[in-house]
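Colleague: File follows, start-v7.cif with mmCIF, C-alpha atoms and all ligand atoms:
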```cif
data_protein
loop_
_atom_site.label_atom_id
_atom_site.label_comp_id
_atom_site.auth_asym_id
_atom_site.auth_seq_id
_atom_site.Cartn_x
_atom_site.Cartn_y
_atom_site.Cartn_z
CA MET E 97 -18.70 -11.71 -6.61
CA THR E 98 -19.23 -9.57 -9.71
CA ALA E 99 -16.34 -8.66 -11.96
CA THR E 100 -16.54 -4.90 -11.59
CA PRO E 101 -14.43 -2.95 -14.03
CA PRO E 102 -11.70 -1.05 -12.20
CA ALA E 103 -12.79 2.37 -11.01
CA ALA E 104 -10.61 5.34 -11.79
CA GLY E 105 -7.63 5.16 -9.47
CA ALA E 106 -8.21 1.48 -8.71
CA ALA E 107 -5.45 -1.03 -8.80
CA GLY E 108 -5.77 -1.92 -12.47
CA ALA E 109 -7.41 -4.53 -14.64
CA PRO E 110 -8.22 -7.88 -12.99
CA ASN E 111 -5.55 -9.73 -14.94
CA VAL E 112 -2.87 -7.39 -13.57
CA LEU E 113 -3.72 -8.35 -9.98
CA ALA E 114 -4.02 -12.02 -10.90
CA ASP E 115 -0.62 -11.88 -12.61
CA ARG E 116 1.02 -10.24 -9.61
CA ILE E 117 -0.50 -12.74 -7.18
CA ALA E 118 0.55 -15.65 -9.39
CA SER E 119 4.09 -14.35 -9.64
CA ILE E 120 4.35 -13.93 -5.84
CA ARG E 121 3.09 -17.49 -5.37
CA GLY E 122 5.63 -18.64 -7.95
CA GLU E 123 8.47 -16.95 -6.10
CA LEU E 124 7.37 -18.39 -2.75
CA THR E 125 7.25 -21.82 -4.33
CA ALA E 126 10.72 -21.30 -5.79
CA VAL E 127 12.15 -20.66 -2.31
CA GLY E 128 10.46 -23.83 -1.05
CA ARG E 129 7.57 -22.10 0.70
CA PRO E 130 4.41 -22.67 -1.35
CA ASP E 131 2.58 -23.04 1.98
CA VAL E 132 2.99 -19.40 3.06
CA ARG E 133 -0.32 -17.60 3.37
CA ILE E 134 -0.48 -14.42 1.34
CA ILE E 135 -2.42 -11.62 2.99
CA GLY E 136 -3.38 -8.91 0.52
CA VAL E 137 -2.96 -5.60 2.32
CA SER E 138 -5.78 -3.56 0.85
CA LYS E 139 -5.49 -0.36 2.90
CA THR E 140 -6.14 2.75 0.79
CA PHE E 141 -7.52 0.59 -2.05
CA PRO E 142 -11.22 0.39 -2.86
CA VAL E 143 -13.57 -2.54 -2.41
CA SER E 144 -13.40 -3.16 -6.18
CA ALA E 145 -9.68 -3.93 -5.89
CA ILE E 146 -10.32 -6.36 -3.04
CA GLU E 147 -12.97 -8.08 -5.12
CA GLN E 148 -10.58 -8.39 -8.04
CA ALA E 149 -7.90 -9.91 -5.84
CA HIS E 150 -10.46 -12.29 -4.39
CA ALA E 151 -11.55 -13.30 -7.88
CA ALA E 152 -7.87 -14.03 -8.55
CA GLY E 153 -7.84 -16.51 -5.68
CA LEU E 154 -6.80 -14.47 -2.66
CA ALA E 155 -8.89 -15.13 0.46
CA ASP E 156 -6.99 -13.22 3.14
CA PHE E 157 -6.94 -9.44 3.38
CA GLY E 158 -5.31 -7.03 5.78
CA GLU E 159 -6.36 -3.53 6.78
CA SER E 160 -4.52 -1.03 8.96
CA TYR E 161 -6.87 1.81 9.69
CA ALA E 162 -10.02 1.18 11.73
CA GLN E 163 -12.12 3.92 10.09
CA GLU E 164 -11.27 2.80 6.60
CA PHE E 165 -11.83 -0.84 7.52
CA LEU E 166 -15.30 0.00 8.84
CA ALA E 167 -16.12 2.01 5.75
CA LYS E 168 -15.21 -0.86 3.43
CA VAL E 169 -15.78 -4.24 4.99
CA PRO E 170 -19.41 -4.16 6.10
CA GLU E 171 -20.46 -3.14 2.60
CA MET E 172 -18.83 -6.23 1.08
CA ASP E 173 -19.66 -9.90 1.11
CA HIS E 174 -17.04 -9.98 3.83
CA THR E 175 -17.87 -13.40 5.20
CA ALA E 176 -16.29 -15.01 2.14
CA LEU E 177 -12.96 -13.43 3.11
CA ARG E 178 -10.65 -13.67 6.09
CA TRP E 179 -9.85 -10.29 7.62
CA HIS E 180 -6.58 -9.49 9.31
CA PHE E 181 -6.33 -6.29 11.29
CA ILE E 182 -2.65 -5.42 10.98
CA GLY E 183 -2.37 -1.77 11.97
CA GLY E 184 -1.59 -0.01 15.19
CA LEU E 185 -4.70 -0.33 17.26
CA GLN E 186 -6.36 2.10 19.60
CA ARG E 187 -8.32 0.54 22.38
CA ASN E 188 -11.47 2.56 21.65
CA LYS E 189 -11.66 1.13 18.10
CA VAL E 190 -11.70 -2.51 19.14
CA ARG E 191 -15.42 -2.80 19.83
CA LYS E 192 -16.48 -1.44 16.44
CA ILE E 193 -14.22 -3.56 14.29
CA ALA E 194 -14.42 -6.73 16.38
CA PRO E 195 -17.35 -8.27 14.44
CA TYR E 196 -15.29 -8.27 11.25
CA VAL E 197 -11.78 -9.24 12.37
CA ASP E 198 -10.68 -12.86 11.97
CA LEU E 199 -7.12 -12.38 13.21
CA TRP E 200 -5.68 -9.46 15.18
CA HIS E 201 -2.01 -9.02 14.22
CA SER E 202 -0.95 -6.04 16.28
CA VAL E 203 -1.63 -6.94 19.89
CA ASP E 204 1.26 -5.43 21.82
CA ARG E 205 0.08 -4.42 25.28
CA SER E 206 -2.03 -5.48 28.23
CA SER E 207 -4.75 -2.90 27.68
CA LEU E 208 -5.38 -4.26 24.18
CA VAL E 209 -5.41 -7.84 25.40
CA GLY E 210 -8.04 -6.83 27.94
CA GLU E 211 -10.15 -4.90 25.46
CA ILE E 212 -10.09 -7.63 22.80
CA ALA E 213 -10.87 -10.27 25.43
CA ASN E 214 -13.88 -8.19 26.52
CA ARG E 215 -15.19 -7.32 23.07
CA ALA E 216 -14.30 -10.47 21.17
CA PRO E 217 -14.03 -13.32 23.68
CA GLY E 218 -11.86 -16.17 22.43
CA ALA E 219 -10.51 -14.15 19.49
CA HIS E 220 -7.43 -15.30 17.62
CA VAL E 221 -4.50 -12.90 17.97
CA LEU E 222 -0.84 -12.47 17.14
CA LEU E 223 1.48 -10.66 19.49
CA GLN E 224 3.43 -7.93 17.72
CA VAL E 225 7.06 -7.81 18.76
CA ASP E 226 9.39 -4.87 18.28
CA ILE E 227 12.28 -6.99 17.03
CA PHE E 228 13.82 -4.20 15.02
CA GLY E 229 13.80 -1.50 17.68
CA GLU E 230 11.37 0.72 15.79
CA GLU E 231 9.08 1.98 18.49
CA GLN E 232 6.83 4.07 16.24
CA LYS E 233 5.69 0.92 14.46
CA GLY E 234 4.38 -0.59 17.66
CA GLY E 235 5.17 -3.97 19.13
CA CYS E 236 6.09 -5.00 22.63
CA ALA E 237 9.71 -5.32 23.69
CA PRO E 238 11.05 -8.85 23.14
CA ARG E 239 11.52 -9.31 26.88
CA ASP E 240 7.82 -8.62 27.47
CA VAL E 241 6.41 -11.17 25.01
CA GLU E 242 6.23 -14.08 27.38
CA GLY E 243 4.36 -12.05 30.00
CA LEU E 244 1.91 -10.74 27.41
CA LEU E 245 1.37 -14.27 26.11
CA GLY E 246 0.51 -15.42 29.62
CA GLU E 247 -1.97 -12.59 30.05
CA ALA E 248 -3.62 -13.25 26.70
CA ILE E 249 -4.07 -16.94 27.48
CA GLU E 250 -5.33 -16.08 30.94
CA ARG E 251 -7.95 -13.81 29.36
CA GLY E 252 -9.11 -16.58 27.01
CA LEU E 253 -7.58 -15.30 23.78
CA VAL E 254 -6.13 -17.79 21.32
CA VAL E 255 -2.57 -16.72 20.55
CA ASP E 256 -1.76 -18.15 17.13
CA GLY E 257 1.70 -16.63 16.85
CA LEU E 258 3.91 -13.57 16.56
CA MET E 259 4.08 -10.63 14.17
CA ALA E 260 6.86 -8.19 13.32
CA MET E 261 7.44 -5.31 10.94
CA ALA E 262 10.89 -4.66 9.49
CA PRO E 263 12.09 -1.21 8.52
CA TYR E 264 11.89 -0.28 4.84
CA GLY E 265 15.13 -0.71 2.97
CA ASP E 266 17.51 -3.56 2.23
CA PRO E 267 15.57 -6.80 2.79
CA GLU E 268 18.78 -8.61 3.72
CA ALA E 269 19.13 -6.22 6.66
CA ALA E 270 15.86 -7.62 8.00
CA ARG E 271 16.99 -11.25 7.87
CA PRO E 272 18.47 -11.48 11.39
CA GLY E 273 15.32 -9.95 12.87
CA PHE E 274 13.07 -12.38 11.02
CA ARG E 275 15.26 -15.20 12.25
CA THR E 276 14.91 -13.93 15.82
CA LEU E 277 11.11 -13.78 15.56
CA ASN E 278 11.04 -17.30 14.16
CA THR E 279 13.15 -18.59 17.05
CA MET E 280 10.98 -16.80 19.61
CA ALA E 281 7.86 -18.39 18.12
CA ASP E 282 9.54 -21.80 18.29
CA GLU E 283 10.50 -21.30 21.92
CA LEU E 284 6.98 -20.21 22.84
CA HIS E 285 5.46 -23.10 20.84
CA LEU E 286 3.51 -20.71 18.64
CA VAL E 287 2.73 -21.72 15.07
CA GLU E 288 2.20 -18.51 13.12
CA ARG E 289 4.88 -15.96 12.15
CA SER E 290 3.45 -12.94 10.36
CA MET E 291 6.46 -11.25 8.83
CA GLY E 292 7.45 -9.93 5.44
CA MET E 293 5.93 -7.20 3.28
CA SER E 294 6.27 -6.21 -0.38
CA GLY E 295 9.97 -5.45 -0.12
CA ASP E 296 11.10 -8.41 1.96
CA TYR E 297 8.59 -11.27 1.75
CA LEU E 298 11.05 -13.69 0.18
CA VAL E 299 13.61 -13.14 2.93
CA ALA E 300 10.85 -13.51 5.54
CA ALA E 301 9.54 -16.69 3.88
CA SER E 302 12.99 -18.23 3.80
CA GLU E 303 13.34 -17.41 7.53
CA GLY E 304 10.12 -19.14 8.52
CA ALA E 305 7.23 -16.75 7.87
CA THR E 306 3.88 -18.54 7.78
CA MET E 307 2.05 -15.43 6.55
CA VAL E 308 3.30 -12.49 4.52
CA ARG E 309 1.46 -9.17 4.40
CA ILE E 310 1.71 -7.81 0.88
CA GLY E 311 0.23 -4.49 -0.19
CA SER E 312 1.93 -2.57 -2.98
CA ALA E 313 3.36 -5.62 -4.77
CA ILE E 314 -0.24 -6.74 -5.35
CA PHE E 315 -2.35 -3.59 -5.47
CA GLY E 316 0.20 -1.03 -6.67
CA ASP E 317 1.69 2.03 -5.04
CA ARG E 318 -0.23 3.82 -2.34
CA ALA E 319 -0.18 7.54 -3.02
CA GLY E 320 1.57 9.45 -0.26
CA ASP E 321 1.74 6.42 1.97
CA ARG E 322 5.40 6.58 2.94
CA ALA E 323 4.77 9.86 4.72
CA LYS E 324 1.90 8.23 6.59
CA ALA E 325 4.16 5.61 8.20
CA PRO E 326 2.20 2.40 7.65
CA GLY E 327 1.65 0.49 10.83
CA SER E 328 2.07 3.53 13.01
CA HIS E 329 -0.54 4.41 15.57
CA LEU E 330 -1.83 7.26 13.43
CA GLU E 331 -5.37 6.63 12.24
C1 LIG U 1 1.01 -1.38 4.93
C2 LIG U 1 1.44 -2.57 5.68
C3 LIG U 1 1.90 -3.73 5.02
C4 LIG U 1 2.05 -3.82 3.52
O1 LIG U 1 3.06 -2.97 3.05
P1 LIG U 1 3.63 -3.12 1.56
O2 LIG U 1 5.02 -2.60 1.67
O3 LIG U 1 2.76 -2.30 0.69
O4 LIG U 1 3.58 -4.54 1.20
C5 LIG U 1 2.22 -4.82 5.79
N1 LIG U 1 2.11 -4.81 7.13
C6 LIG U 1 1.67 -3.73 7.80
C7 LIG U 1 1.56 -3.80 9.28
C8 LIG U 1 1.32 -2.58 7.10
O5 LIG U 1 0.90 -1.52 7.79
#
```
Give the structure from the file, written as structure tokens.

Modeller:
Amino acid sequence: MTATPPAAGAAGAPNVLADRIASIRGELTAVGRPDVRIIGVSKTFPVSAIEQAHAAGLADFGESYAQEFLAKVPEMDHTALRWHFIGGLQRNKVRKIAPYVDLWHSVDRSSLVGEIANRAPGAHVLLQVDIFGEEQKGGCAPRDVEGLLGEAIERGLVVDGLMAMAPYGDPEAARPGFRTLNTMADELHLVERSMGMSGDYLVAASEGATMVRIGSAIFGDRAGDRAKAPGSHLE
């Protein structure tokens, strides 16, 4: 991986990203969770920023938008990285991105289970659960998780765990929801809990997250992103 100087509008000098990643690891360690996997959410940021974060020791990256993912990932040495598709997913995008996705985080309905099982047999997935009652962010209703899990297993997918997205705002307000997702994963004997973003990863980690999805706290602010409703089904 070459140390490309940051392009105009990129996330900053390499040491800035390395410092941010180190400080997040330090905080996770301080709350007793040095084991949490940090996924760098690189949506809207260029390949050069991903390469800088990788050079700083990050191996896991998350993307939300299929078109953007396809424009970036195949041009990189992507096999050195683990790719998490974390955004709302349309069925017709599955085939194209399937060769590059290591873990699908946003599986929330039967049609997606079927499509991923067809296009990426045996793929590893997380089931996204709408713990916080925010329908526009996707996720199946909590009462439907067990049924969806059964279908996914039936179709040969490997369900590693559950995923949830809290509303923006006070991270403490998200704590009960994170706790609920953690309990659900325990009850279903699932290992992974993908929960926590830039604003609430420490609360999520202290409530059992095994992976946190961190964008802006690593790469910087995404211009105009709040209006775009990250994680929504808009692409
Ligand atoms: C954008 C996004 C993130 C990262 O958001 P930040 O607040 O920038 O950390 C995490 N998860 C999902 C599903 C996202 O869409």

Colleague: So that I can check the surroundings of Ile193 (chain E), please list as a tab-separated table (two decimals) with C-alpha atoms, in the frame of the given file every protein, DNA and RNA residue that reaches within 9 Å of it, counting all atoms listed in the file and ignoring chain neighbours fewer than 2 positions away.

Modeller:
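The resulting file, result.tsv, is reproduced below:
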```tsv
chain	number	residue	atom	x	y	z
E	162	ALA	CA	-10.02	1.18	11.73
E	163	GLN	CA	-12.12	3.92	10.09
E	165	PHE	CA	-11.83	-0.84	7.52
E	166	LEU	CA	-15.30	0.00	8.84
E	181	PHE	CA	-6.33	-6.29	11.29
E	189	LYS	CA	-11.66	1.13	18.10
E	190	VAL	CA	-11.70	-2.51	19.14
E	191	ARG	CA	-15.42	-2.80	19.83
E	195	PRO	CA	-17.35	-8.27	14.44
E	196	TYR	CA	-15.29	-8.27	11.25
E	197	VAL	CA	-11.78	-9.24	12.37
```

Colleague: Kindly provide, as a VMD selection string, all nucleotide and amino acid residues lying within 10 Å of ligand LIG 1 (chain U), counting only C-alpha atoms and all ligand atoms.

Modeller: chain E and resid 135 to 140 158 to 161 180 to 184 201 to 202 224 233 to 234 259 to 264 290 to 297 308 to 318 321 to 322 324 to 329

Colleague: Residues at most 8 Å from region 116-127 of chain E, counting all atoms listed in the file, excluding those fewer than 6 positions away in the same chain, as a PyMOL selection string?

Modeller: chain E and resi 152+154+298+301-302+313-314

Colleague: If you measure from CA of Leu244 (chain E) to CA of Glu268 (chain E), what distance in Å do you get, rounded to one decimal?

Modeller: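 Rounded to one decimal, the two atoms are 29.2 Å apart.
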
Colleague: Quick one, how far is CA of Arg187 (chain E) from CA of Ile227 (chain E)?

Modeller: 22.6 Å

Colleague: Using CA of Met307 (chain E) and CA of Ala237 (chain E) as the two end points, give the distance in Å to one decimal.

Modeller: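 Going from CA of Met307 (chain E) over to CA of Ala237 (chain E), I get 21.3 Å.
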
Colleague: From the list E:Val299, E:Leu185, E:Val132, E:Cys236, which residue is nearest Asp266 (chain E) when using all atoms listed in the file?

Modeller: E:Val299

Colleague: Please determine, counting only C-alpha atoms, which residue among E:Ala300, E:Val254, E:Gln148, E:Glu247 has the shortest atom-to-atom distance to Ala270 (chain E).

Modeller: E:Ala300

Colleague: Would you pick out the contacts of His220 (chain E) at 7 Å or less, using only C-alpha atoms, so that residues sharing its chain but fewer than 4 positions from it are not included, and give the list as a list in words?

Modeller: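 In the requested format, the answer is Asp198, Leu199, Trp200, Leu253, Val254, Val255 and Asp256 of chain E.
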
Colleague: Of the residues E:Ser207, E:Asn111, E:Thr175, E:Ser144, which is the one nearest to Asp156 (chain E), using all atoms listed in the file?

Modeller: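 Smallest separation from Asp156 (chain E) among the options: E:Thr175.
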
Colleague: Quick one: of E:Asn278, E:Asp204, E:Arg289, E:Phe228, who's nearest to Glu242 (chain E), counting only C-alpha atoms?

Modeller: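 Looking only at the distances to Glu242 (chain E), the closest residue turns out to be E:Asp204.
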
Colleague: So which one's closest to Pro272 (chain E), E:Gly243, E:Gly304, E:Gln186, E:Val221? Using all atoms listed in the file, please.

Modeller: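 Looking at the shortest contact to Pro272 (chain E), the residue is E:Gly304.
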